[in-house]
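Source file: my_file_5.tsv. Holds: TSV, C-alpha atoms and all ligand atoms.
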chain	number	residue	atom	x	y	z
A	1406	MET	CA	-38.51	96.34	-90.30
A	1407	GLY	CA	-35.85	97.07	-87.71
A	1408	GLN	CA	-36.12	96.38	-84.02
A	1409	LEU	CA	-39.74	97.56	-83.76
A	1410	GLY	CA	-40.90	94.60	-85.83
A	1411	ARG	CA	-39.19	91.92	-83.74
A	1412	PRO	CA	-41.36	89.52	-81.69
A	1413	LEU	CA	-40.99	89.21	-77.93
A	1414	VAL	CA	-42.03	86.63	-75.34
A	1415	MET	CA	-43.17	87.70	-71.88
A	1416	GLY	CA	-44.54	85.40	-69.21
A	1417	GLY	CA	-45.09	82.74	-71.90
A	1418	MET	CA	-47.08	85.12	-74.17
A	1419	GLU	CA	-45.70	85.86	-77.64
A	1420	VAL	CA	-46.09	89.45	-78.79
A	1421	SER	CA	-45.57	90.02	-82.52
A	1422	ASN	CA	-43.83	93.41	-82.35
A	1423	ARG	CA	-42.56	96.05	-79.93
A	1424	PHE	CA	-45.59	98.38	-79.99
A	1425	LEU	CA	-47.55	98.62	-76.75
A	1426	ARG	CA	-50.84	100.46	-76.70
A	1427	SER	CA	-50.50	102.15	-73.34
A	1428	ALA	CA	-53.77	101.99	-71.40
A	1429	THR	CA	-56.11	104.77	-72.52
A	1430	MET	CA	-59.43	105.57	-70.85
A	1431	GLU	CA	-62.15	105.21	-73.48
A	1432	ASN	CA	-65.12	106.49	-71.47
A	1433	MET	CA	-67.22	104.40	-73.86
A	1434	ALA	CA	-68.72	101.66	-71.68
A	1435	GLY	CA	-72.33	101.54	-70.51
A	1436	VAL	CA	-73.15	103.18	-67.16
A	1437	ASP	CA	-72.92	99.68	-65.68
A	1438	GLY	CA	-69.36	99.22	-66.99
A	1439	GLN	CA	-70.51	97.00	-69.88
A	1440	VAL	CA	-68.82	96.67	-73.26
A	1441	GLY	CA	-70.83	98.34	-76.07
A	1442	ARG	CA	-70.59	98.96	-79.82
A	1443	VAL	CA	-68.54	102.18	-79.77
A	1444	LEU	CA	-65.91	100.54	-77.62
A	1445	LEU	CA	-65.84	97.46	-79.87
A	1446	ARG	CA	-65.24	99.66	-82.92
A	1447	LEU	CA	-62.27	101.36	-81.24
A	1448	TYR	CA	-60.60	98.02	-80.45
A	1449	HIS	CA	-61.31	96.64	-83.93
A	1450	GLU	CA	-59.35	99.58	-85.35
A	1451	LEU	CA	-56.54	99.25	-82.83
A	1452	ALA	CA	-56.16	95.52	-83.53
A	1453	GLN	CA	-56.13	96.12	-87.28
A	1454	GLY	CA	-53.63	98.93	-86.76
A	1455	GLY	CA	-50.92	96.40	-85.95
A	1456	CYS	CA	-50.09	97.13	-82.31
A	1457	GLY	CA	-48.54	93.94	-80.88
A	1458	LEU	CA	-49.86	94.36	-77.32
A	1459	ILE	CA	-53.01	96.33	-76.57
A	1460	ILE	CA	-53.81	97.36	-73.01
A	1461	THR	CA	-57.40	98.49	-72.45
A	1462	GLY	CA	-58.27	101.69	-70.63
A	1463	ALA	CA	-58.41	101.66	-66.83
A	1464	THR	CA	-61.07	99.10	-65.93
A	1465	ALA	CA	-62.73	99.33	-62.53
A	1466	VAL	CA	-62.23	96.49	-60.03
A	1467	SER	CA	-65.14	97.78	-57.95
A	1468	ALA	CA	-68.15	99.95	-58.76
A	1469	GLU	CA	-67.11	102.38	-56.01
A	1470	GLY	CA	-63.60	102.71	-57.44
A	1471	ARG	CA	-64.69	104.31	-60.72
A	1472	ALA	CA	-63.29	107.68	-61.73
A	1473	TRP	CA	-65.23	108.07	-64.99
A	1474	ALA	CA	-68.97	107.61	-65.63
A	1475	HIS	CA	-68.47	105.31	-68.63
A	1476	GLN	CA	-65.48	103.38	-67.40
A	1477	LEU	CA	-65.23	99.69	-68.33
A	1478	GLY	CA	-65.82	97.31	-65.43
A	1479	ALA	CA	-64.56	93.91	-64.28
A	1480	TRP	CA	-66.15	93.96	-60.83
A	1481	ASP	CA	-69.08	91.66	-61.61
A	1482	GLU	CA	-69.61	88.24	-63.17
A	1483	ALA	CA	-72.23	89.81	-65.44
A	1484	GLN	CA	-69.43	91.79	-67.12
A	1485	VAL	CA	-67.50	88.68	-68.24
A	1486	GLU	CA	-69.66	88.06	-71.31
A	1487	GLY	CA	-69.06	91.57	-72.72
A	1488	LEU	CA	-65.34	91.32	-72.00
A	1489	ALA	CA	-65.27	87.95	-73.80
A	1490	ARG	CA	-66.89	89.59	-76.83
A	1491	LEU	CA	-64.28	92.34	-76.78
A	1492	VAL	CA	-61.33	89.97	-76.78
A	1493	ARG	CA	-62.92	87.70	-79.42
A	1494	LEU	CA	-63.25	90.76	-81.64
A	1495	ILE	CA	-59.62	91.77	-81.09
A	1496	HIS	CA	-58.35	88.27	-81.92
A	1497	ARG	CA	-60.60	88.03	-84.96
A	1498	SER	CA	-59.58	91.49	-86.23
A	1499	ASN	CA	-55.92	90.55	-85.92
A	1500	PRO	CA	-55.01	87.01	-84.79
A	1501	SER	CA	-51.50	88.10	-83.77
A	1502	ALA	CA	-52.71	90.94	-81.49
A	1503	ARG	CA	-52.44	90.30	-77.76
A	1504	CYS	CA	-54.61	92.12	-75.28
A	1505	ALA	CA	-54.57	92.80	-71.53
A	1506	VAL	CA	-57.20	94.51	-69.37
A	1507	GLN	CA	-55.82	97.25	-67.14
A	1508	LEU	CA	-57.22	96.95	-63.60
A	1509	HIS	CA	-57.80	100.20	-61.76
A	1510	HIS	CA	-59.22	101.74	-58.62
A	1511	ALA	CA	-59.35	105.53	-58.35
A	1512	GLY	CA	-58.48	105.74	-54.64
A	1513	ALA	CA	-58.60	109.27	-53.21
A	1514	ALA	CA	-60.49	111.72	-55.41
A	1515	GLY	CA	-58.57	114.27	-57.44
A	1516	GLY	CA	-55.45	112.26	-58.30
A	1517	GLY	CA	-54.20	111.52	-61.81
A	1518	TYR	CA	-56.05	113.01	-64.80
A	1519	SER	CA	-59.62	112.08	-63.85
A	1520	TYR	CA	-60.73	115.70	-64.01
A	1521	GLY	CA	-64.28	115.85	-62.68
A	1522	SER	CA	-63.95	112.46	-61.00
A	1523	LEU	CA	-67.20	110.55	-60.57
A	1524	TYR	CA	-66.17	108.94	-57.34
A	1525	GLN	CA	-66.00	110.66	-53.96
A	1526	GLY	CA	-62.83	108.90	-52.97
A	1527	PHE	CA	-61.37	106.19	-50.79
A	1528	ASP	CA	-59.07	107.54	-48.09
A	1529	LEU	CA	-56.38	104.96	-47.56
A	1530	ASN	CA	-55.25	106.74	-44.39
A	1531	GLN	CA	-58.62	106.11	-42.69
A	1532	ALA	CA	-59.15	102.58	-44.02
A	1533	ALA	CA	-59.45	99.56	-41.72
A	1534	ASP	CA	-57.03	96.66	-42.26
A	1535	GLY	CA	-59.83	94.42	-43.51
A	1536	ASP	CA	-60.94	96.98	-46.10
A	1537	ILE	CA	-57.42	97.22	-47.51
A	1538	VAL	CA	-57.17	93.44	-47.85
A	1539	GLU	CA	-60.63	93.38	-49.45
A	1540	LEU	CA	-59.52	95.93	-52.06
A	1541	ALA	CA	-56.52	93.77	-53.00
A	1542	ARG	CA	-58.95	90.86	-53.36
A	1543	CYS	CA	-61.10	92.96	-55.73
A	1544	PHE	CA	-58.04	93.17	-58.02
A	1545	GLY	CA	-57.61	89.40	-57.74
A	1546	ARG	CA	-61.24	88.57	-58.52
A	1547	ALA	CA	-61.29	91.03	-61.44
A	1548	ALA	CA	-58.15	89.35	-62.84
A	1549	GLY	CA	-59.90	85.97	-62.58
A	1550	ARG	CA	-62.79	87.36	-64.67
A	1551	VAL	CA	-60.36	88.80	-67.22
A	1552	ARG	CA	-58.73	85.39	-67.65
A	1553	ARG	CA	-62.06	83.59	-67.92
A	1554	ALA	CA	-63.16	86.11	-70.55
A	1555	GLY	CA	-60.23	84.90	-72.69
A	1556	PHE	CA	-57.75	87.80	-72.52
A	1557	ASP	CA	-54.06	87.09	-72.99
A	1558	ALA	CA	-52.93	88.94	-69.86
A	1559	VAL	CA	-53.95	91.36	-67.15
A	1560	ALA	CA	-52.34	94.71	-66.31
A	1561	VAL	CA	-52.31	96.75	-63.09
A	1562	HIS	CA	-52.55	100.54	-63.10
A	1563	GLY	CA	-49.89	101.21	-60.50
A	1564	ALA	CA	-49.04	104.74	-61.75
A	1565	HIS	CA	-50.30	108.33	-61.91
A	1566	GLY	CA	-51.67	108.78	-58.38
A	1567	TYR	CA	-54.57	106.32	-58.32
A	1568	LEU	CA	-55.17	103.88	-55.49
A	1569	VAL	CA	-52.26	101.50	-56.13
A	1570	SER	CA	-49.69	104.26	-56.55
A	1571	GLN	CA	-51.22	106.21	-53.65
A	1572	PHE	CA	-50.20	103.36	-51.37
A	1573	PHE	CA	-46.58	103.66	-52.47
A	1574	SER	CA	-46.37	107.44	-52.51
A	1575	PRO	CA	-45.68	109.30	-49.24
A	1576	ALA	CA	-47.55	112.22	-50.84
A	1577	PHE	CA	-50.74	110.20	-50.18
A	1578	ASN	CA	-49.82	107.49	-47.69
A	1579	GLN	CA	-49.38	108.79	-44.14
A	1580	ARG	CA	-50.17	105.55	-42.35
A	1581	GLN	CA	-48.00	104.63	-39.40
A	1582	ASP	CA	-48.80	100.90	-39.35
A	1583	ASP	CA	-47.69	97.99	-41.58
A	1584	TRP	CA	-49.16	99.71	-44.67
A	1585	GLY	CA	-47.17	102.95	-44.39
A	1586	GLY	CA	-43.89	104.55	-43.37
A	1587	SER	CA	-40.90	102.60	-44.74
A	1588	ARG	CA	-40.85	101.85	-48.46
A	1589	SER	CA	-41.29	98.13	-47.82
A	1590	ASN	CA	-44.47	98.92	-45.85
A	1591	ARG	CA	-45.68	101.26	-48.62
A	1592	ALA	CA	-45.06	98.46	-51.16
A	1593	ARG	CA	-47.07	95.93	-49.12
A	1594	PHE	CA	-50.40	96.68	-50.83
A	1595	LEU	CA	-48.86	96.43	-54.31
A	1596	LEU	CA	-47.29	93.07	-53.57
A	1597	LEU	CA	-50.57	91.85	-52.07
A	1598	VAL	CA	-52.36	92.88	-55.28
A	1599	GLN	CA	-49.83	90.83	-57.30
A	1600	GLU	CA	-50.33	87.85	-54.95
A	1601	GLU	CA	-54.14	88.05	-55.11
A	1602	ILE	CA	-54.07	88.26	-58.90
A	1603	ARG	CA	-51.84	85.20	-59.09
A	1604	ARG	CA	-54.09	83.33	-56.63
A	1605	GLU	CA	-57.31	84.09	-58.53
A	1606	ALA	CA	-56.04	84.06	-62.13
A	1607	GLY	CA	-53.64	81.15	-61.63
A	1608	ASP	CA	-50.21	80.46	-63.09
A	1609	GLY	CA	-49.28	80.97	-66.73
A	1610	PHE	CA	-51.23	84.22	-67.04
A	1611	PRO	CA	-48.96	87.27	-67.54
A	1612	VAL	CA	-49.39	90.12	-65.04
A	1613	LEU	CA	-48.18	93.47	-66.42
A	1614	TRP	CA	-47.53	96.54	-64.27
A	1615	LYS	CA	-47.53	100.24	-65.07
A	1616	MET	CA	-45.63	102.32	-62.56
A	1617	ASN	CA	-44.02	105.70	-62.08
A	1618	THR	CA	-40.33	106.41	-62.49
A	1619	ASP	CA	-40.87	109.44	-60.22
A	1620	ASP	CA	-43.84	111.27	-58.67
A	1621	PHE	CA	-42.28	114.65	-59.53
A	1622	LEU	CA	-43.46	116.03	-56.19
A	1623	PRO	CA	-41.16	117.15	-53.35
A	1624	GLU	CA	-43.17	115.08	-50.84
A	1625	GLY	CA	-43.68	112.12	-53.20
A	1626	ALA	CA	-41.64	109.00	-54.01
A	1627	GLY	CA	-38.55	109.58	-56.14
A	1628	GLN	CA	-36.63	107.57	-58.70
A	1629	ASP	CA	-34.57	105.57	-56.16
A	1630	ASP	CA	-37.78	104.39	-54.46
A	1631	TYR	CA	-39.31	103.36	-57.77
A	1632	VAL	CA	-36.19	101.55	-58.97
A	1633	TRP	CA	-36.34	99.54	-55.74
A	1634	LEU	CA	-40.08	98.89	-56.25
A	1635	ALA	CA	-39.54	97.69	-59.81
A	1636	GLY	CA	-37.04	95.12	-58.48
A	1637	GLN	CA	-39.64	93.92	-55.94
A	1638	LEU	CA	-42.36	93.60	-58.58
A	1639	ALA	CA	-40.03	91.75	-60.96
A	1640	ARG	CA	-39.12	89.29	-58.19
A	1641	ALA	CA	-42.81	88.88	-57.33
A	1642	GLY	CA	-43.48	87.72	-60.91
A	1643	ALA	CA	-44.41	90.79	-63.00
A	1644	SER	CA	-44.16	89.81	-66.68
A	1645	LEU	CA	-43.66	93.37	-67.96
A	1646	ILE	CA	-43.06	96.69	-66.24
A	1647	GLU	CA	-44.19	99.80	-68.09
A	1648	LEU	CA	-42.50	103.02	-67.00
A	1649	SER	CA	-44.38	106.30	-66.79
A	1650	GLY	CA	-44.47	109.09	-64.20
A	1651	GLY	CA	-46.29	111.82	-62.28
A	1652	VAL	CA	-49.27	111.79	-59.94
A	1653	LYS	CA	-51.33	114.86	-60.70
A	1654	GLU	CA	-51.90	117.73	-63.08
A	1655	GLN	CA	-50.90	115.36	-65.83
A	1656	ALA	CA	-51.52	117.77	-68.70
A	1657	LYS	CA	-49.24	120.41	-67.15
A	1658	LEU	CA	-46.62	117.85	-66.21
A	1659	ARG	CA	-46.57	116.28	-69.68
A	1660	ASN	CA	-46.13	119.67	-71.32
A	1661	GLN	CA	-43.17	120.36	-69.05
A	1662	LEU	CA	-41.63	116.90	-69.64
A	1663	ARG	CA	-42.11	117.35	-73.35
A	1664	ARG	CA	-40.20	120.63	-73.32
A	1665	GLU	CA	-37.40	119.04	-71.29
A	1666	ALA	CA	-37.19	115.94	-73.51
A	1667	GLY	CA	-37.03	118.10	-76.68
A	1668	GLU	CA	-35.78	116.23	-79.72
A	1669	ARG	CA	-35.28	113.06	-77.70
A	1670	GLU	CA	-39.10	112.80	-77.30
A	1671	ALA	CA	-39.00	110.02	-74.67
A	1672	TYR	CA	-39.72	111.75	-71.34
A	1673	PHE	CA	-38.48	108.97	-69.11
A	1674	LEU	CA	-35.48	107.74	-71.09
A	1675	PRO	CA	-32.90	109.12	-68.61
A	1676	ALA	CA	-34.41	106.83	-65.92
A	1677	LEU	CA	-34.31	103.67	-68.05
A	1678	GLU	CA	-30.80	102.45	-67.25
A	1679	ALA	CA	-31.40	102.34	-63.48
A	1680	PHE	CA	-34.62	100.35	-63.95
A	1681	ARG	CA	-32.95	98.02	-66.43
A	1682	SER	CA	-30.35	96.97	-63.87
A	1683	ALA	CA	-32.96	96.54	-61.10
A	1684	VAL	CA	-35.22	94.09	-62.94
A	1685	ASP	CA	-32.71	91.71	-64.60
A	1686	ASP	CA	-34.35	90.34	-67.72
A	1687	THR	CA	-37.97	91.27	-66.92
A	1688	PRO	CA	-39.26	93.06	-70.04
A	1689	LEU	CA	-39.57	96.85	-69.73
A	1690	ALA	CA	-41.71	99.26	-71.72
A	1691	LEU	CA	-41.10	102.99	-71.84
A	1692	THR	CA	-44.07	105.30	-72.43
A	1693	GLY	CA	-44.39	109.06	-72.76
A	1694	GLY	CA	-43.83	111.46	-75.63
A	1695	LEU	CA	-42.75	108.99	-78.34
A	1696	ARG	CA	-43.76	110.22	-81.78
A	1697	SER	CA	-41.08	109.24	-84.33
A	1698	ARG	CA	-39.66	105.94	-85.46
A	1699	GLU	CA	-36.11	107.14	-84.77
A	1700	ALA	CA	-36.91	107.97	-81.13
A	1701	MET	CA	-38.63	104.59	-80.69
A	1702	GLU	CA	-35.65	102.71	-82.12
A	1703	ALA	CA	-33.39	104.69	-79.78
A	1704	VAL	CA	-35.50	103.67	-76.78
A	1705	LEU	CA	-35.20	99.99	-77.74
A	1706	GLU	CA	-31.49	100.47	-78.35
A	1707	ALA	CA	-31.15	101.94	-74.84
A	1708	GLY	CA	-32.55	98.77	-73.23
A	1709	ALA	CA	-36.35	98.96	-73.32
A	1710	ASP	CA	-38.19	95.95	-74.78
A	1711	MET	CA	-41.33	97.80	-75.89
A	1712	VAL	CA	-42.40	101.33	-76.74
A	1713	GLY	CA	-45.64	102.52	-75.16
A	1714	LEU	CA	-47.96	104.80	-77.16
A	1715	CYS	CA	-51.16	106.47	-76.04
A	1716	ARG	CA	-51.97	109.76	-77.80
A	1717	PRO	CA	-50.48	108.76	-81.19
A	1718	LEU	CA	-52.91	105.82	-81.26
A	1719	ILE	CA	-55.86	108.02	-80.28
A	1720	SER	CA	-55.08	110.09	-83.31
A	1721	GLU	CA	-54.09	107.24	-85.65
A	1722	PRO	CA	-54.94	103.66	-84.62
A	1723	TYR	CA	-53.07	102.45	-87.72
A	1724	PHE	CA	-49.80	104.14	-86.72
A	1725	PRO	CA	-47.87	100.89	-85.90
A	1726	ASN	CA	-48.58	99.37	-89.33
A	1727	ARG	CA	-47.72	102.67	-91.00
A	1728	LEU	CA	-44.30	102.75	-89.28
A	1729	LEU	CA	-43.65	99.04	-89.73
A	1730	HIS	CA	-44.68	98.66	-93.35
A	1731	GLY	CA	-44.50	102.17	-94.81
A	1732	PRO	CA	-44.22	103.74	-97.28
A	1733	ASP	CA	-45.26	106.70	-95.07
A	1734	ARG	CA	-42.99	106.58	-92.03
A	1735	ARG	CA	-43.45	110.15	-90.88
A	1736	PRO	CA	-43.82	110.77	-87.13
A	1737	SER	CA	-47.23	110.69	-85.52
A	1738	ARG	CA	-49.45	113.62	-86.42
A	1739	CYS	CA	-50.34	113.98	-82.71
A	1740	THR	CA	-49.31	117.45	-81.54
A	1741	SER	CA	-49.52	116.52	-77.82
A	1742	CYS	CA	-52.07	119.32	-77.42
A	1743	ASN	CA	-53.81	117.30	-74.64
A	1744	ARG	CA	-57.31	118.24	-75.74
A	1745	CYS	CA	-58.26	114.54	-75.62
A	1746	LEU	CA	-56.95	114.31	-72.06
A	1747	LEU	CA	-58.80	117.39	-70.86
A	1748	ALA	CA	-62.05	116.13	-72.41
A	1749	ILE	CA	-61.91	112.52	-71.23
A	1750	ALA	CA	-63.90	113.05	-68.02
A	1751	LYS	CA	-66.88	114.27	-70.04
A	1752	GLU	CA	-66.73	112.70	-73.49
A	1753	PRO	CA	-65.89	109.45	-75.23
A	1754	LEU	CA	-62.24	109.23	-76.29
A	1755	ASN	CA	-61.46	111.12	-79.48
A	1756	CYS	CA	-58.65	113.08	-81.12
A	1757	LEU	CA	-60.27	116.51	-81.10
A	1758	GLU	CA	-57.42	118.18	-82.91
A	1759	PHE	CA	-58.03	116.24	-86.14
A	1760	ASP	CA	-61.78	115.65	-85.90
A	1761	PRO	CA	-63.37	117.28	-88.99
A	1762	PHE	CA	-66.54	117.94	-86.95
A	1763	GLU	CA	-64.56	120.38	-84.78
A	1764	LYS	CA	-64.53	122.83	-87.71
A	1765	VAL	CA	-68.33	122.72	-87.84
A	1766	LEU	CA	-68.57	123.35	-84.12
A	1767	LYS	CA	-66.06	126.19	-84.09
A	1768	ASP	CA	-68.38	128.90	-85.42
A	1769	LEU	CA	-71.44	128.01	-83.34
B	1801	LIG	C1	-57.03	110.56	-72.98
B	1801	LIG	C2	-56.04	109.82	-72.13
B	1801	LIG	C3	-56.47	108.74	-71.35
B	1801	LIG	C4	-55.55	108.02	-70.59
B	1801	LIG	N1	-55.99	106.93	-69.87
B	1801	LIG	C5	-55.10	106.16	-69.18
B	1801	LIG	C6	-55.52	104.98	-68.52
B	1801	LIG	O1	-56.70	104.59	-68.54
B	1801	LIG	N2	-54.57	104.25	-67.86
B	1801	LIG	C7	-53.25	104.64	-67.83
B	1801	LIG	O2	-52.43	103.93	-67.25
B	1801	LIG	N3	-52.84	105.76	-68.44
B	1801	LIG	C8	-53.71	106.51	-69.14
B	1801	LIG	N4	-53.27	107.61	-69.83
B	1801	LIG	C9	-51.83	107.92	-69.87
B	1801	LIG	C10	-51.20	107.27	-71.09
B	1801	LIG	O3	-51.32	105.86	-71.08
B	1801	LIG	C11	-49.69	107.61	-71.25
B	1801	LIG	O4	-49.01	107.14	-70.11
B	1801	LIG	C12	-49.43	109.10	-71.47
B	1801	LIG	O5	-50.43	109.69	-72.27
B	1801	LIG	C13	-48.08	109.37	-72.12
B	1801	LIG	O6	-47.93	108.68	-73.34
B	1801	LIG	P1	-48.13	109.39	-74.80
B	1801	LIG	O7	-47.16	110.51	-74.88
B	1801	LIG	O8	-47.85	108.29	-75.78
B	1801	LIG	O9	-49.52	109.89	-74.85
B	1801	LIG	C14	-54.18	108.38	-70.59
B	1801	LIG	C15	-53.76	109.48	-71.35
B	1801	LIG	C16	-54.67	110.16	-72.13
B	1801	LIG	C17	-54.18	111.28	-73.00
B	1802	LIG	S1	-56.29	115.67	-79.17
B	1802	LIG	FE1	-54.19	116.45	-79.31
B	1802	LIG	S2	-53.01	115.21	-77.81
B	1802	LIG	FE2	-54.95	114.17	-78.17
B	1802	LIG	S3	-54.47	112.69	-79.79
B	1802	LIG	FE3	-55.27	114.51	-80.80
B	1802	LIG	S4	-53.47	115.74	-81.34
B	1802	LIG	FE4	-52.83	114.20	-79.83
Conversion result in C-alpha cells:
Amino acid sequence: MGQLGRPLVMGGMEVSNRFLRSATMENMAGVDGQVGRVLLRLYHELAQGGCGLIITGATAVSAEGRAWAHQLGAWDEAQVEGLARLVRLIHRSNPSARCAVQLHHAGAAGGGYSYGSLYQGFDLNQAADGDIVELARCFGRAAGRVRRAGFDAVAVHGAHGYLVSQFFSPAFNQRQDDWGGSRSNRARFLLLVQEEIRREAGDGFPVLWKMNTDDFLPEGAGQDDYVWLAGQLARAGASLIELSGGVKEQAKLRNQLRREAGEREAYFLPALEAFRSAVDDTPLALTGGLRSREAMEAVLEAGADMVGLCRPLISEPYFPNRLLHGPDRRPSRCTSCNRCLLAIAKEPLNCLEFDPFEKVLKDL
C-alpha cells in the first residue's frame, strides 16, 4: 500500500491513512446553514471513498460572515443537531474515517474564490477592538459546538484571503495598532482564535490549520512570513498545518501554479522544506495540484505527513480507495478545468466536466 496507506496520529487522533480531503465548499446547506439530505449524501460517499481525514467545506462562525448562500453554519446552538447527524453518518459509513469542521468567516468582500459573495464584508481596518475580540470568540464558540456535535477535530480556514488570513496579510491589514504593522501584531488575531478555540472546545480536541505558503501578491505576506507564522501556530498547539497559497483570483492563480509545477503536480512542494524545519514534528499536509499516486508518494517522501485533495474528490469521491487498493491506480480524472470552482457561488458542488447531464444541456 506504500506510504499513503500508513496510519498517523495527530493531537491524539488516529487517522487511518495519509489522504486529507481538503475543505471544499459544498453550497448544499439550508439557507439557515442547516445540514440537509444532499449534503449528507456527499459525505456518505466521501467516507466510503476511503479518505482518512475529511475536512468539511468552510462553515460559517457567524451568520454575517457567510460568503455563500447555502454555506454550512456553526454559529447557533440550533445547528448542533444537524452537525451531529452529519458526523454520525460519516462514522457509520466508515468507522475509520475522521472528520473536522472547517471554521470560516469571509471578512472583507471579494477575497478568495467566493465569486458573487453573499456578504457585504467586514472591514478589519475600521473594526473596534471589542468587535475583533468578539469575532475570535465566535470561532471559539463554533468550535465548542463542533465538539459537542461529536466531530473528531476542528479546522480553521486561515488561508486564501478570508478574514483570518486578511489579518495576517499586509495586502488587507493596514492597522497601526496592536492588530497590525509588525508580523507579530498581524498574527495576534490568529493566535487569539487558537486560544479561544482551546478555551471553548477544551483540551484533547485537535485544532487543524490551513494557511498560505505565500500570498503571491507584491504587497502581501511572503514565504518567510508564513514560515514564521507556521512556527507560532505549531507552538500554540496546532495539531496539523495544511499548506496552500494565494489570496484572490484563485482560478487564474491555480492555472498559473499548475503550469509552473508541470510534471511535479504539487504546487507548493518547493516551500515544504522551510515549513518542515519551522514546525518540528507538527504534522504537515500539502495541498494543491496533486493528481497521481507517484506525485503523492513524492510529497510524503519530501517530508509532508498528509496529501490534501480537493478537486480530485469532487470528481471521484472513491479516489483514495482506488489508489490504495487498486487495481486501477491511474491518476485522477480531474482535468483542473476549474468549472466547479467558478460555479460554486451559484450552484451546489459538482464536477461539471464529467456530469452526463452537461451533454443534455449543451444543445439547449
Ligand atoms: C469548488 C471548490 C471549493 C473550495 N472550497 C474551499 C473551502 O471551503 N475551504 C478551503 O479551505 N478551500 C477551499 N477550496 C480550495 C481547495 O481546498 C484546495 O486548496 C485547492 O482546490 C487546491 O487543491 P486541488 O488541486 O486538490 O483542488 C475550494 C476549491 C474548490 C475547487
Ligand atoms: S469540474 Fe473540472 S476542476 Fe472541477 S472536479 Fe471536475 S474536472 Fe476537476
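For the set A:His1565, A:His1449, A:Arg1471, A:His1730, the residue with the smallest atom-to-atom gap to Val1436 of chain A is A:Arg1471, counting all atoms listed in the file.
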task = Mind checking which residues fall within 7 Å of segment 1574-1591 of chain A, counting only C-alpha atoms, ignoring those fewer than 5 positions away in the same chain, and posting them as a PyMOL selection string?
result = chain A and resi 1530+1624-1626
Closest pair table for chain A residues within 6 Å of ligand LIG 1801 (chain B), all atoms listed in the file, as JSON lines:
{"residue": "A:Ser1427", "atom": "CA", "partner": "B:LIG1801", "partner_atom": "O3", "distance": 4.4}
{"residue": "A:Ala1428", "atom": "CA", "partner": "B:LIG1801", "partner_atom": "N2", "distance": 4.3}
{"residue": "A:Thr1429", "atom": "CA", "partner": "B:LIG1801", "partner_atom": "N1", "distance": 3.4}
{"residue": "A:Met1430", "atom": "CA", "partner": "B:LIG1801", "partner_atom": "O1", "distance": 3.7}
{"residue": "A:Gly1462", "atom": "CA", "partner": "B:LIG1801", "partner_atom": "O1", "distance": 3.9}
{"residue": "A:Ala1463", "atom": "CA", "partner": "B:LIG1801", "partner_atom": "O1", "distance": 3.8}
{"residue": "A:His1562", "atom": "CA", "partner": "B:LIG1801", "partner_atom": "O2", "distance": 5.4}
{"residue": "A:Ser1649", "atom": "CA", "partner": "B:LIG1801", "partner_atom": "O4", "distance": 5.8}
{"residue": "A:Thr1692", "atom": "CA", "partner": "B:LIG1801", "partner_atom": "O6", "distance": 5.2}
{"residue": "A:Gly1693", "atom": "CA", "partner": "B:LIG1801", "partner_atom": "O6", "distance": 3.6}
{"residue": "A:Gly1694", "atom": "CA", "partner": "B:LIG1801", "partner_atom": "O7", "distance": 3.5}
{"residue": "A:Leu1695", "atom": "CA", "partner": "B:LIG1801", "partner_atom": "O8", "distance": 5.7}
{"residue": "A:Leu1714", "atom": "CA", "partner": "B:LIG1801", "partner_atom": "O8", "distance": 3.8}
{"residue": "A:Cys1715", "atom": "CA", "partner": "B:LIG1801", "partner_atom": "O8", "distance": 3.8}
{"residue": "A:Arg1716", "atom": "CA", "partner": "B:LIG1801", "partner_atom": "O9", "distance": 3.8}
{"residue": "A:Cys1745", "atom": "CA", "partner": "B:LIG1801", "partner_atom": "C1", "distance": 4.9}
{"residue": "A:Leu1746", "atom": "CA", "partner": "B:LIG1801", "partner_atom": "C1", "distance": 3.9}
{"residue": "A:Ile1749", "atom": "CA", "partner": "B:LIG1801", "partner_atom": "C1", "distance": 5.5}
task = Select the residues contacting ligand LIG 1802 (chain B) at a distance of at most 10 Å, based on all atoms listed in the file, then format the selection as a ChimeraX atom specification.
result = /A:1656,1715-1721,1737-1749,1754-1760
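Atom pair atom CA of Asp1557 of chain A / atom CA of Phe1572 of chain A has a distance of 27.3 Å (rounded to one decimal).
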Dump N, CA and C atoms of segment 1469-1477 of chain A from the given block, as a compact mmCIF listing (two decimals), in the first residue's frame.
# COMPACT_ATOMS: atom_id res chain seq x y z
N GLU A 1469 -23.35 36.63 9.72
CA GLU A 1469 -22.88 37.77 8.92
C GLU A 1469 -21.60 37.46 8.18
N GLY A 1470 -20.91 36.40 8.56
CA GLY A 1470 -19.62 36.08 7.95
C GLY A 1470 -19.73 35.14 6.77
N ARG A 1471 -20.96 34.88 6.30
CA ARG A 1471 -21.13 33.92 5.20
C ARG A 1471 -20.74 34.51 3.85
N ALA A 1472 -20.11 33.70 3.03
CA ALA A 1472 -19.76 34.14 1.68
C ALA A 1472 -20.66 33.49 0.63
N TRP A 1473 -21.32 32.39 1.00
CA TRP A 1473 -22.15 31.64 0.06
C TRP A 1473 -23.54 31.46 0.67
N ALA A 1474 -24.58 31.48 -0.17
CA ALA A 1474 -25.96 31.44 0.32
C ALA A 1474 -26.27 30.14 1.07
N HIS A 1475 -25.68 29.03 0.61
CA HIS A 1475 -26.01 27.74 1.21
C HIS A 1475 -24.81 27.15 1.95
N GLN A 1476 -24.12 28.03 2.62
CA GLN A 1476 -22.95 27.63 3.40
C GLN A 1476 -23.42 26.98 4.72
N LEU A 1477 -22.71 25.94 5.12
CA LEU A 1477 -22.98 25.28 6.40
C LEU A 1477 -22.67 26.24 7.54
